[in-house]
Structure formats: C-alpha cells, structure tokens
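K.L.:
Below is input_6.pdb; it holds PDB, C-alpha atoms.
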```
ATOM      1  CA  MET Z 177     -33.459 -12.923  36.512
ATOM      2  CA  ALA Z 178     -35.983 -14.422  38.925
ATOM      3  CA  ILE Z 179     -36.302 -17.593  36.840
ATOM      4  CA  PRO Z 180     -33.425 -18.516  34.512
ATOM      5  CA  PRO Z 181     -34.299 -19.796  31.047
ATOM      6  CA  LEU Z 182     -35.417 -23.447  31.069
ATOM      7  CA  VAL Z 183     -35.072 -25.273  27.745
ATOM      8  CA  PHE Z 184     -37.400 -28.106  26.752
ATOM      9  CA  HIS Z 185     -38.643 -29.769  23.552
ATOM     10  CA  PRO Z 186     -41.450 -32.357  23.339
ATOM     11  CA  ASP Z 187     -39.154 -34.610  21.310
ATOM     12  CA  TYR Z 188     -36.931 -35.097  24.373
ATOM     13  CA  THR Z 189     -39.224 -38.006  25.245
ATOM     14  CA  TYR Z 190     -40.562 -40.845  23.123
ATOM     15  CA  PRO Z 191     -41.546 -44.468  23.873
ATOM     16  CA  LEU Z 192     -38.828 -47.113  23.974
ATOM     17  CA  PRO Z 193     -39.545 -50.842  23.744
ATOM     18  CA  ALA Z 194     -41.019 -52.297  26.922
ATOM     19  CA  GLY Z 195     -38.383 -53.275  29.452
ATOM     20  CA  HIS Z 196     -35.613 -51.042  28.085
ATOM     21  CA  ARG Z 197     -33.494 -49.804  30.989
ATOM     22  CA  PHE Z 198     -32.965 -46.269  29.678
ATOM     23  CA  PRO Z 199     -35.629 -44.112  31.382
ATOM     24  CA  MET Z 200     -36.561 -41.998  28.366
ATOM     25  CA  GLY Z 201     -39.789 -40.763  29.960
ATOM     26  CA  LYS Z 202     -37.933 -38.870  32.680
ATOM     27  CA  PHE Z 203     -37.203 -35.872  30.466
ATOM     28  CA  GLY Z 204     -40.820 -34.865  29.994
ATOM     29  CA  ARG Z 205     -41.563 -35.614  33.612
ATOM     30  CA  ILE Z 206     -38.866 -33.186  34.821
ATOM     31  CA  ARG Z 207     -40.777 -30.331  33.218
ATOM     32  CA  GLU Z 208     -44.065 -31.589  34.628
ATOM     33  CA  VAL Z 209     -42.867 -31.814  38.231
ATOM     34  CA  LEU Z 210     -41.402 -28.307  38.135
ATOM     35  CA  ILE Z 211     -44.772 -26.982  36.993
ATOM     36  CA  GLU Z 212     -46.810 -29.188  39.360
ATOM     37  CA  ASP Z 213     -44.714 -28.175  42.368
ATOM     38  CA  GLY Z 214     -45.052 -24.480  41.546
ATOM     39  CA  ILE Z 215     -41.316 -24.093  40.973
ATOM     40  CA  ALA Z 216     -41.641 -22.743  37.426
ATOM     41  CA  PRO Z 217     -44.595 -21.675  35.279
ATOM     42  CA  ALA Z 218     -45.107 -23.211  31.842
ATOM     43  CA  SER Z 219     -44.128 -19.839  30.353
ATOM     44  CA  ALA Z 220     -40.561 -20.245  31.681
ATOM     45  CA  PHE Z 221     -39.808 -23.067  29.236
ATOM     46  CA  ILE Z 222     -38.261 -22.218  25.874
ATOM     47  CA  SER Z 223     -38.331 -24.614  22.923
ATOM     48  CA  PRO Z 224     -35.128 -25.032  20.882
ATOM     49  CA  GLU Z 225     -34.679 -25.639  17.197
ATOM     50  CA  PRO Z 226     -33.307 -29.104  16.405
ATOM     51  CA  ILE Z 227     -29.589 -28.926  15.742
ATOM     52  CA  SER Z 228     -28.582 -28.518  12.129
ATOM     53  CA  ARG Z 229     -26.646 -31.156  10.254
ATOM     54  CA  ALA Z 230     -23.893 -28.620   9.592
ATOM     55  CA  ALA Z 231     -23.463 -28.039  13.324
ATOM     56  CA  LEU Z 232     -23.315 -31.783  13.956
ATOM     57  CA  GLU Z 233     -20.657 -32.247  11.270
ATOM     58  CA  ALA Z 234     -18.574 -29.423  12.711
ATOM     59  CA  ALA Z 235     -18.006 -31.671  15.731
ATOM     60  CA  HIS Z 236     -18.768 -35.282  14.772
ATOM     61  CA  THR Z 237     -17.356 -36.974  11.690
ATOM     62  CA  PRO Z 238     -19.645 -36.612   8.649
ATOM     63  CA  ALA Z 239     -19.631 -40.395   8.211
ATOM     64  CA  TYR Z 240     -21.034 -40.918  11.712
ATOM     65  CA  VAL Z 241     -23.674 -38.201  11.278
ATOM     66  CA  GLU Z 242     -24.729 -39.817   8.010
ATOM     67  CA  ALA Z 243     -24.937 -43.268   9.590
ATOM     68  CA  ILE Z 244     -27.237 -41.933  12.315
ATOM     69  CA  THR Z 245     -29.477 -39.789  10.142
ATOM     70  CA  ALA Z 246     -29.768 -42.489   7.462
ATOM     71  CA  LEU Z 247     -30.539 -45.124  10.131
ATOM     72  CA  ALA Z 248     -27.568 -47.073   8.811
ATOM     73  CA  LEU Z 249     -25.586 -48.068  11.910
ATOM     74  CA  SER Z 250     -24.127 -51.533  11.976
ATOM     75  CA  ARG Z 251     -25.554 -53.949  14.539
ATOM     76  CA  ALA Z 252     -22.356 -53.701  16.553
ATOM     77  CA  ALA Z 253     -22.518 -49.898  16.555
ATOM     78  CA  GLU Z 254     -26.165 -49.985  17.614
ATOM     79  CA  ARG Z 255     -25.320 -52.345  20.485
ATOM     80  CA  ARG Z 256     -22.546 -49.995  21.619
ATOM     81  CA  LEU Z 257     -25.022 -47.109  21.480
ATOM     82  CA  GLY Z 258     -27.445 -49.045  23.667
ATOM     83  CA  LEU Z 259     -30.570 -47.599  22.061
ATOM     84  CA  PRO Z 260     -32.566 -48.907  19.073
ATOM     85  CA  LEU Z 261     -31.919 -46.617  16.121
ATOM     86  CA  SER Z 262     -35.114 -45.033  14.814
ATOM     87  CA  GLU Z 263     -36.472 -41.799  13.361
ATOM     88  CA  ALA Z 264     -37.769 -40.910  16.836
ATOM     89  CA  LEU Z 265     -34.301 -41.370  18.348
ATOM     90  CA  VAL Z 266     -32.767 -39.134  15.675
ATOM     91  CA  ARG Z 267     -35.384 -36.447  16.337
ATOM     92  CA  ARG Z 268     -34.698 -36.709  20.050
ATOM     93  CA  ALA Z 269     -30.935 -36.478  19.636
ATOM     94  CA  ARG Z 270     -31.236 -33.439  17.350
ATOM     95  CA  ALA Z 271     -33.692 -31.739  19.707
ATOM     96  CA  ALA Z 272     -31.568 -32.372  22.823
ATOM     97  CA  THR Z 273     -28.414 -31.149  21.089
ATOM     98  CA  GLY Z 274     -30.207 -28.062  19.817
ATOM     99  CA  GLY Z 275     -31.449 -27.581  23.367
ATOM    100  CA  THR Z 276     -27.943 -27.544  24.791
ATOM    101  CA  LEU Z 277     -26.790 -25.041  22.171
ATOM    102  CA  LEU Z 278     -29.734 -22.774  22.999
ATOM    103  CA  THR Z 279     -29.028 -23.226  26.722
ATOM    104  CA  ALA Z 280     -25.429 -22.154  26.173
ATOM    105  CA  ARG Z 281     -26.447 -19.085  24.165
ATOM    106  CA  LEU Z 282     -28.969 -18.091  26.827
ATOM    107  CA  GLY Z 283     -26.390 -18.710  29.526
ATOM    108  CA  LEU Z 284     -24.000 -16.332  27.810
ATOM    109  CA  GLU Z 285     -26.738 -13.712  27.455
ATOM    110  CA  ARG Z 286     -28.348 -14.020  30.897
ATOM    111  CA  GLY Z 287     -25.688 -15.625  33.065
ATOM    112  CA  LEU Z 288     -27.496 -18.911  33.739
ATOM    113  CA  ALA Z 289     -29.696 -21.321  31.782
ATOM    114  CA  CYS Z 290     -30.751 -24.962  32.186
ATOM    115  CA  ASN Z 291     -31.655 -27.664  29.712
ATOM    116  CA  MET Z 292     -34.170 -30.397  30.568
ATOM    117  CA  ALA Z 293     -31.946 -32.890  28.718
ATOM    118  CA  GLY Z 294     -28.340 -33.054  27.505
ATOM    119  CA  GLY Z 295     -25.106 -34.335  28.930
ATOM    120  CA  SER Z 296     -24.570 -37.124  26.376
ATOM    121  CA  HIS Z 297     -20.917 -37.369  27.292
ATOM    122  CA  HIS Z 298     -20.193 -40.916  26.040
ATOM    123  CA  ALA Z 299     -20.661 -39.937  22.381
ATOM    124  CA  HIS Z 300     -17.281 -39.715  20.624
ATOM    125  CA  PRO Z 301     -16.496 -37.856  17.405
ATOM    126  CA  ASP Z 302     -17.007 -40.981  15.298
ATOM    127  CA  HIS Z 303     -19.420 -43.118  17.314
ATOM    128  CA  GLY Z 304     -22.137 -43.154  19.929
ATOM    129  CA  ALA Z 305     -22.075 -45.202  23.138
ATOM    130  CA  GLY Z 306     -23.724 -45.564  26.520
ATOM    131  CA  PHE Z 307     -27.143 -44.212  25.447
ATOM    132  CA  CYS Z 308     -25.462 -41.139  23.901
ATOM    133  CA  VAL Z 309     -26.048 -40.393  20.204
ATOM    134  CA  PHE Z 310     -24.553 -36.931  19.699
ATOM    135  CA  ASN Z 311     -22.294 -35.213  22.218
ATOM    136  CA  ASP Z 312     -24.453 -32.145  22.754
ATOM    137  CA  VAL Z 313     -21.894 -30.233  24.806
ATOM    138  CA  ALA Z 314     -19.145 -30.782  22.225
ATOM    139  CA  VAL Z 315     -21.443 -29.745  19.368
ATOM    140  CA  ALA Z 316     -22.493 -26.613  21.265
ATOM    141  CA  ILE Z 317     -18.895 -25.669  22.019
ATOM    142  CA  ARG Z 318     -17.862 -25.995  18.386
ATOM    143  CA  ALA Z 319     -20.829 -23.878  17.313
ATOM    144  CA  LEU Z 320     -20.027 -21.156  19.845
ATOM    145  CA  GLN Z 321     -16.368 -21.206  18.830
ATOM    146  CA  SER Z 322     -17.322 -20.777  15.185
ATOM    147  CA  GLU Z 323     -19.480 -17.801  16.178
ATOM    148  CA  ARG Z 324     -16.556 -16.389  18.205
ATOM    149  CA  ARG Z 325     -18.776 -16.303  21.282
ATOM    150  CA  VAL Z 326     -16.263 -18.087  23.522
ATOM    151  CA  ALA Z 327     -12.486 -18.346  23.714
ATOM    152  CA  ARG Z 328     -12.143 -20.497  26.844
ATOM    153  CA  VAL Z 329     -14.628 -23.112  28.079
ATOM    154  CA  LEU Z 330     -14.775 -25.298  31.190
ATOM    155  CA  VAL Z 331     -16.718 -28.570  31.121
ATOM    156  CA  PHE Z 332     -17.421 -29.651  34.705
ATOM    157  CA  ASP Z 333     -18.843 -33.161  34.567
ATOM    158  CA  LEU Z 334     -20.315 -34.642  37.761
ATOM    159  CA  ASP Z 335     -22.124 -37.582  36.191
ATOM    160  CA  VAL Z 336     -21.155 -40.814  37.989
ATOM    161  CA  HIS Z 337     -19.635 -42.135  34.752
ATOM    162  CA  GLN Z 338     -16.495 -40.626  33.289
ATOM    163  CA  GLY Z 339     -17.091 -38.194  30.433
ATOM    164  CA  ASP Z 340     -14.948 -40.198  28.034
ATOM    165  CA  GLY Z 341     -16.515 -38.899  24.829
ATOM    166  CA  THR Z 342     -16.130 -35.262  25.828
ATOM    167  CA  ALA Z 343     -12.521 -35.924  26.825
ATOM    168  CA  ALA Z 344     -11.881 -37.456  23.396
ATOM    169  CA  PHE Z 345     -13.348 -34.437  21.584
ATOM    170  CA  PHE Z 346     -11.070 -31.960  23.351
ATOM    171  CA  ALA Z 347      -7.957 -34.023  24.069
ATOM    172  CA  ASN Z 348      -5.772 -31.716  21.993
ATOM    173  CA  ASP Z 349      -7.716 -28.487  22.386
ATOM    174  CA  PRO Z 350      -6.259 -26.108  25.002
ATOM    175  CA  SER Z 351      -9.277 -23.805  24.640
ATOM    176  CA  VAL Z 352     -11.541 -26.352  26.380
ATOM    177  CA  PHE Z 353     -10.761 -27.691  29.840
ATOM    178  CA  THR Z 354     -12.526 -30.945  30.698
ATOM    179  CA  CYS Z 355     -12.967 -32.136  34.281
ATOM    180  CA  SER Z 356     -14.716 -35.367  35.260
ATOM    181  CA  ILE Z 357     -15.460 -36.451  38.841
ATOM    182  CA  HIS Z 358     -16.839 -39.965  38.669
ATOM    183  CA  CYS Z 359     -16.877 -43.449  40.181
ATOM    184  CA  GLU Z 360     -13.622 -45.038  39.092
ATOM    185  CA  ALA Z 361     -15.059 -48.580  39.130
ATOM    186  CA  ASN Z 362     -17.982 -47.710  36.857
ATOM    187  CA  TYR Z 363     -18.600 -47.455  33.098
ATOM    188  CA  PRO Z 364     -16.729 -46.916  30.829
ATOM    189  CA  HIS Z 365     -14.269 -49.629  31.697
ATOM    190  CA  GLN Z 366     -11.613 -48.054  29.488
ATOM    191  CA  LYS Z 367     -11.384 -44.428  30.557
ATOM    192  CA  ALA Z 368     -10.334 -41.578  28.314
ATOM    193  CA  ILE Z 369      -8.024 -38.813  29.541
ATOM    194  CA  SER Z 370      -9.688 -35.559  30.567
ATOM    195  CA  ASP Z 371      -7.665 -32.510  31.526
ATOM    196  CA  LEU Z 372      -8.563 -33.467  35.092
ATOM    197  CA  ASP Z 373      -9.974 -36.865  36.081
ATOM    198  CA  LEU Z 374     -10.919 -37.553  39.694
ATOM    199  CA  GLY Z 375     -12.101 -41.116  40.146
ATOM    200  CA  LEU Z 376     -13.818 -41.959  43.417
ATOM    201  CA  PRO Z 377     -14.194 -45.377  45.060
ATOM    202  CA  PRO Z 378     -17.662 -46.967  45.302
ATOM    203  CA  ASN Z 379     -19.867 -45.860  48.200
ATOM    204  CA  THR Z 380     -18.283 -42.427  48.499
ATOM    205  CA  GLY Z 381     -20.846 -40.326  50.380
ATOM    206  CA  ASP Z 382     -21.798 -36.697  50.826
ATOM    207  CA  ASP Z 383     -18.957 -35.389  52.973
ATOM    208  CA  ALA Z 384     -16.003 -36.619  50.928
ATOM    209  CA  TYR Z 385     -17.730 -35.959  47.611
ATOM    210  CA  LEU Z 386     -18.806 -32.417  48.428
ATOM    211  CA  ALA Z 387     -15.402 -31.510  49.843
ATOM    212  CA  LEU Z 388     -13.784 -32.620  46.593
ATOM    213  CA  VAL Z 389     -16.302 -30.740  44.449
ATOM    214  CA  HIS Z 390     -15.879 -27.554  46.466
ATOM    215  CA  ASP Z 391     -12.083 -27.596  46.362
ATOM    216  CA  THR Z 392     -11.908 -28.600  42.699
ATOM    217  CA  PHE Z 393     -14.456 -26.229  41.224
ATOM    218  CA  GLU Z 394     -13.277 -23.125  43.049
ATOM    219  CA  ALA Z 395      -9.726 -23.804  41.891
ATOM    220  CA  LEU Z 396     -10.759 -24.451  38.290
ATOM    221  CA  LEU Z 397     -12.746 -21.235  37.988
ATOM    222  CA  ALA Z 398      -9.684 -19.308  39.106
ATOM    223  CA  ARG Z 399      -7.273 -21.320  36.966
ATOM    224  CA  VAL Z 400      -9.220 -21.661  33.710
ATOM    225  CA  ARG Z 401     -11.022 -18.298  33.796
ATOM    226  CA  PRO Z 402     -13.662 -19.589  31.386
ATOM    227  CA  ASP Z 403     -16.025 -17.537  29.263
ATOM    228  CA  LEU Z 404     -18.622 -20.249  29.837
ATOM    229  CA  VAL Z 405     -19.063 -23.307  32.049
ATOM    230  CA  PHE Z 406     -21.000 -26.392  30.983
ATOM    231  CA  TYR Z 407     -22.186 -28.243  34.075
ATOM    232  CA  ASN Z 408     -23.216 -31.894  33.696
ATOM    233  CA  ALA Z 409     -25.452 -32.376  36.735
ATOM    234  CA  GLY Z 410     -25.916 -36.134  36.476
ATOM    235  CA  VAL Z 411     -27.886 -37.549  39.407
ATOM    236  CA  ASP Z 412     -26.502 -41.064  39.080
ATOM    237  CA  PRO Z 413     -24.082 -40.477  42.008
ATOM    238  CA  HIS Z 414     -27.229 -40.822  44.178
ATOM    239  CA  GLU Z 415     -27.244 -43.708  46.640
ATOM    240  CA  ASP Z 416     -30.386 -45.207  45.074
ATOM    241  CA  ASP Z 417     -29.363 -44.930  41.435
ATOM    242  CA  ALA Z 418     -29.599 -48.194  39.510
ATOM    243  CA  LEU Z 419     -26.255 -47.681  37.723
ATOM    244  CA  GLY Z 420     -24.384 -45.444  40.133
ATOM    245  CA  GLN Z 421     -22.272 -47.046  42.914
ATOM    246  CA  LEU Z 422     -21.714 -43.791  44.817
ATOM    247  CA  ALA Z 423     -23.750 -42.788  47.874
ATOM    248  CA  LEU Z 424     -24.973 -39.194  47.657
ATOM    249  CA  SER Z 425     -28.199 -38.293  49.449
ATOM    250  CA  ASP Z 426     -30.923 -35.948  48.209
ATOM    251  CA  ASP Z 427     -29.406 -33.218  50.368
ATOM    252  CA  GLY Z 428     -25.966 -34.003  48.969
ATOM    253  CA  LEU Z 429     -27.155 -33.537  45.399
ATOM    254  CA  MET Z 430     -28.801 -30.229  46.277
ATOM    255  CA  ALA Z 431     -25.673 -29.001  48.088
ATOM    256  CA  ARG Z 432     -23.548 -29.999  45.091
ATOM    257  CA  ASP Z 433     -25.737 -28.169  42.583
ATOM    258  CA  ARG Z 434     -26.106 -25.091  44.734
ATOM    259  CA  HIS Z 435     -22.352 -24.868  45.134
ATOM    260  CA  VAL Z 436     -21.563 -25.097  41.423
ATOM    261  CA  ILE Z 437     -24.308 -22.680  40.390
ATOM    262  CA  GLY Z 438     -23.632 -20.310  43.253
ATOM    263  CA  ALA Z 439     -19.903 -20.184  42.534
ATOM    264  CA  CYS Z 440     -20.570 -19.256  38.905
ATOM    265  CA  LEU Z 441     -23.077 -16.572  39.854
ATOM    266  CA  LYS Z 442     -20.683 -15.133  42.436
ATOM    267  CA  ALA Z 443     -17.831 -15.042  39.916
ATOM    268  CA  ALA Z 444     -20.112 -13.744  37.122
ATOM    269  CA  VAL Z 445     -19.158 -16.695  34.899
ATOM    270  CA  PRO Z 446     -21.960 -17.730  32.507
ATOM    271  CA  LEU Z 447     -23.267 -21.230  33.156
ATOM    272  CA  ALA Z 448     -25.148 -23.771  31.022
ATOM    273  CA  CYS Z 449     -26.595 -26.749  32.936
ATOM    274  CA  VAL Z 450     -27.428 -30.130  31.399
ATOM    275  CA  VAL Z 451     -29.074 -33.024  33.234
ATOM    276  CA  GLY Z 452     -26.711 -35.947  32.563
ATOM    277  CA  GLY Z 453     -27.429 -39.481  33.734
ATOM    278  CA  GLY Z 454     -29.863 -40.927  36.229
ATOM    279  CA  TYR Z 455     -31.382 -44.409  36.262
ATOM    280  CA  GLY Z 456     -34.191 -46.234  38.000
ATOM    281  CA  PRO Z 457     -37.631 -47.721  37.401
ATOM    282  CA  ASP Z 458     -39.700 -44.991  39.107
ATOM    283  CA  LEU Z 459     -39.847 -42.087  36.654
ATOM    284  CA  ASP Z 460     -41.479 -39.719  39.120
ATOM    285  CA  THR Z 461     -38.750 -40.213  41.722
ATOM    286  CA  LEU Z 462     -36.068 -39.981  39.073
ATOM    287  CA  ALA Z 463     -37.495 -36.825  37.496
ATOM    288  CA  ARG Z 464     -37.727 -35.127  40.878
ATOM    289  CA  ARG Z 465     -34.113 -36.066  41.545
ATOM    290  CA  HIS Z 466     -33.087 -34.563  38.191
ATOM    291  CA  SER Z 467     -35.074 -31.418  38.947
ATOM    292  CA  THR Z 468     -32.652 -30.659  41.794
ATOM    293  CA  VAL Z 469     -30.398 -28.649  39.492
ATOM    294  CA  HIS Z 470     -33.327 -26.634  38.143
ATOM    295  CA  ARG Z 471     -34.673 -25.988  41.652
ATOM    296  CA  ALA Z 472     -31.222 -24.869  42.778
ATOM    297  CA  ALA Z 473     -30.819 -22.590  39.760
ATOM    298  CA  ILE Z 474     -34.235 -20.994  40.247
ATOM    299  CA  ALA Z 475     -33.704 -20.464  43.986
ATOM    300  CA  LEU Z 476     -30.238 -18.987  43.595
ATOM    301  CA  ALA Z 477     -31.321 -16.724  40.744
ATOM    302  CA  ALA Z 478     -34.183 -15.455  42.921
ATOM    303  CA  ASP Z 479     -31.776 -14.833  45.818
ATOM    304  CA  ARG Z 480     -29.516 -12.887  43.503
ATOM    305  CA  ALA Z 481     -32.403 -10.821  42.161
ATOM    306  CA  ARG Z 482     -33.547  -9.940  45.698
ATOM    307  CA  ALA Z 483     -30.022  -8.967  46.715
ATOM    308  CA  SER Z 484     -29.672  -6.729  43.659
ATOM    309  CA  ALA Z 485     -32.975  -5.026  44.424
ATOM    310  CA  ALA Z 486     -32.146  -4.402  48.091
TER     311      ALA Z 486
END
```
Hey, can you dump this file as structure tokens for me?

P.N.:
Amino acid sequence: MAIPPLVFHPDYTYPLPAGHRFPMGKFGRIREVLIEDGIAPASAFISPEPISRAALEAAHTPAYVEAITALALSRAAERRLGLPLSEALVRRARAATGGTLLTARLGLERGLACNMAGGSHHAHPDHGAGFCVFNDVAVAIRALQSERRVARVLVFDLDVHQGDGTAAFFANDPSVFTCSIHCEANYPHQKAISDLDLGLPPNTGDDAYLALVHDTFEALLARVRPDLVFYNAGVDPHEDDALGQLALSDDGLMARDRHVIGACLKAAVPLACVVGGGYGPDLDTLARRHSTVHRAAIALAADRARASAA
C-alpha cells in the first residue's frame, strides 16, 4: 500500500456567493496541490457514488432529509446551517457523504483511506448547522453497521470546534465511542456530551496539544478496541486559522496527523480520515494545510510498505 486510497468527487466544490466565509473552493484545491507537488498521481483518486436517500434516512430523520432534498428549509434553519440551500449544495452534501462511506469501506479493506472532504460534525439527526448539511461520519457508521461490517467504532475528532452533532447521534449508542478535543471557548456555544470531551483554552500550542493527543489516542485504542477509527483531521487548530483560537504550527499539525495515523497502522486498526474544518481567505494556503493529513498518510504507508519488503 504505497499510496492509500484517496477519495474525491468534482461536486465537492461549487461556487458560493461572493464574500461568503466558507471556503468551498478548498476541496478541489487539496487534490490539485497533491498532484502538483508530486505527492499523489491523478490515478490515486477514487470517485464515490453520491450517498443514497435510504442511507441518509437510516441516520438523519426522514423529515430533515426531505427538507434538504426538496430545498424546503425554513429561513431560520437555513441561517443555522450557514450555507444557502441550493441544488448544488445538495449534490455536494450527497457526494461528500458518499465519499466518507467509500473511504470507510476502503479503510476496512486496505487499512487506511482518506477523503478530500467530510467531517461535517455539526449536523444533528434532525438539523444542519455550522456549514454542515449531513453528518457524513454518522451516516457512514450506520451504513456499515447495517452491513455488519463493524461492531465497535471510535470517532476521534480533532477539529477545533466540538463535534456536537456526532455526539448527539451516538449519545446512547455504546457501540460508537466519540472523542472530541477542541477549543472550549469556541463554537458551538452550547456543547453536546461526547463520550470524552477535552476542551482546551485559547492559544494552546504544539507541546501541550500534542502531549494530550498522544496520551488520549493511545489509551483509547487500547480501551475501545475499535474495528474502525474515523479521524476528523480539522486544520482549524492552526495558529493562523480565521475561526480557530488555538495555536498549532504547520509542524504541529503534521506531528498530530502522523501520530494518529501511525498509531492505527502500528495497531493494525483500520482508519478512515476526513478533512474537517479550516478557514481563511487564501485557498492555496488553506488547501496545503488540509493536505497535511494526506501527505502524512502517504508517507507512513510508504514507510510501512518498505519495512514489509525489507
């Protein structure tokens, strides 16, 4: 496995109204920079099928799925979502959710796979919020459970914002362990209750953050013994993120991602990576920051392949 499967769909990106603060264009640019920098060839990218309505309704309430697909959200619900509801947004949400499901299936088959989107962890069973339409990780978990592909799942969420929607989906489900390490003072203002919430103060930097990630993740792998890990590799803990408030450096992000991926490879626990949040006006800088998890995955997979061949 020199290059793990990389999942991308052209519908991940579409134009938003001028001045909108959600950097929709970053998703296509992530793929481009990996190709331009010689990290991955175009042939490494696999296109998913958009998620089916049945799969969406196995996780989200049918009424919410209908409101989205029929473009029938109330104005208040659309404001809470933070994105203008449109056919293009629905296509994007279905493609990204299908991408996370494919990433999870490929992770189970090959040990490691990465989506170029995903991590919409503010979407709740009955509503969207915080730029998140469908909770792709929750939908993928329910699909895999229905296929009897997994019995125990760990969601390790390192986006700077608490994964409140994911926590709500699995609040009473002992088969899914949710962990969120986030900035306590950041969105959402009313936190949900994950199985493990670790809220950090603003301006937490590399040393304290990485020590917490190392100690927490190693312990959770041993405690949960998951059949699959979903890793939300949000880059909004970066010191320059527009919505972050933490203070990780570029090297800190790389060390974080290498630790999580490396620990899963060492323990032979299948891993599905999603990109999570990251905000800023410069799409090229932002896309390169997001590509950290893909670069780490590709490098570690290559190291593992060389060690196996030696």

K.L.:
When distances are computed from all atoms listed in the file, which of Z:Glu285, Z:Phe310, Z:Ala231, Z:Ala218 shows the smallest separation from Ile244 (chain Z)?

P.N.:
Z:Phe310

K.L.:
Expanded to explicit residues, what is the PyMOL selection byres ((chain Z and resi 378-387) around 7) for this file, as a list in words?

P.N.:
Cys359, Ala361, Leu376, Pro377, Leu388, Val389, His390, Asp391, Gln421, Leu422, Ala423, Leu424, Ser425, Gly428 and Arg432 of chain Z

K.L.:
Using the file's own x, y and z axes, so that the box edges lie along x, y and z, what centre and edge lengths in Å (one decimal) does a box around every listed atom of region 402-405 of chain Z get when 8 Å is added on each side? Give it as lines of an AutoDock Vina configuration file.

P.N.:
```
center_x = -16.4
center_y = -20.4
center_z = 30.7
size_x = 21.4
size_y = 21.8
size_z = 18.8
```

K.L.:
For region 195-206 of chain Z, work out the shell of residues within 9 Å, counting all atoms listed in the file and skipping chain neighbours fewer than 3 positions away, then give it as a PyMOL selection string.

P.N.:
chain Z and resi 184-192+209-211+258-259+292-293+307+454-460+462-467

K.L.:
Give me, please, the distance in Å between CA of Gly294 (chain Z) and CA of Glu225 (chain Z), quoted to one decimal.

P.N.:
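For CA of Gly294 (chain Z) relative to CA of Glu225 (chain Z), the distance reads 14.2 Å.
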
K.L.:
Which residue, Z:Phe393, Z:Tyr240, Z:Tyr363, Z:Phe221, has the smallest gap to Asp335 (chain Z) when you use all atoms listed in the file?

P.N.:
Z:Tyr363

K.L.:
Using only C-alpha atoms for the distances, tell me which of Z:Asp312, Z:Asp417, Z:Asp349, Z:Glu233 is nearest to Thr273 (chain Z).

P.N.:
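Ranking Z:Asp312, Z:Asp417, Z:Asp349, Z:Glu233 by distance to Thr273 (chain Z), first place goes to Z:Asp312.
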
K.L.:
Rank nothing, just name the residue among Z:Gln366, Z:Ser484, Z:Ser322, Z:Ser262 nearest to Ala234 (chain Z), using all atoms listed in the file.

P.N.:
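The shortest atom-to-atom distance to Ala234 (chain Z) comes from Z:Ser322.
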
K.L.:
What is the CA of Ala473 (chain Z) to CA of Ala398 (chain Z) distance in Å?

P.N.:
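A separation of 21.4 Å between them.
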
K.L.:
Quick check on the file I pasted: which residues fall under the PyMOL selection byres ((chain Z and resi 333) around 6)? Write them as number ranges by chain.

P.N.:
Z: 332, 334-335, 355-356, 407-408

K.L.:
Have a look at CA of Gln338 (chain Z) and CA of Arg256 (chain Z) and let me know their distance in Å, one decimal.

P.N.:
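Between these atoms lies a distance of 16.1 Å.
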
K.L.:
Evaluate the PyMOL selection byres ((chain Z and resi 183) around 8) here and jot the selected residues down as a JSON list (two decimals) with C-alpha atoms, keeping the file's coordinate frame.

P.N.:
```json
[["chain", "number", "residue", "atom", "x", "y", "z"],
["Z", 181, "PRO", "CA", -34.30, -19.80, 31.05],
["Z", 182, "LEU", "CA", -35.42, -23.45, 31.07],
["Z", 184, "PHE", "CA", -37.40, -28.11, 26.75],
["Z", 185, "HIS", "CA", -38.64, -29.77, 23.55],
["Z", 221, "PHE", "CA", -39.81, -23.07, 29.24],
["Z", 222, "ILE", "CA", -38.26, -22.22, 25.87],
["Z", 223, "SER", "CA", -38.33, -24.61, 22.92],
["Z", 224, "PRO", "CA", -35.13, -25.03, 20.88],
["Z", 275, "GLY", "CA", -31.45, -27.58, 23.37],
["Z", 278, "LEU", "CA", -29.73, -22.77, 23.00],
["Z", 279, "THR", "CA", -29.03, -23.23, 26.72],
["Z", 289, "ALA", "CA", -29.70, -21.32, 31.78],
["Z", 290, "CYS", "CA", -30.75, -24.96, 32.19],
["Z", 291, "ASN", "CA", -31.66, -27.66, 29.71],
["Z", 292, "MET", "CA", -34.17, -30.40, 30.57]]
```

K.L.:
List as a tab-separated table every residue of region 183-245 of chain Z that is in contact with region 297-301 of chain Z, defined as an atom at most 9 Å from one of its atoms (using all atoms listed in the file), together with the nearest atom pair and the distance in Å rounded to one decimal, sorted by chain and then rising number.

P.N.:
```
residue	atom	partner	partner_atom	distance
Z:Ala235	CA	Z:Pro301	CA	6.6
Z:His236	CA	Z:Pro301	CA	4.3
Z:Thr237	CA	Z:Pro301	CA	5.8
Z:Tyr240	CA	Z:Pro301	CA	7.9
```
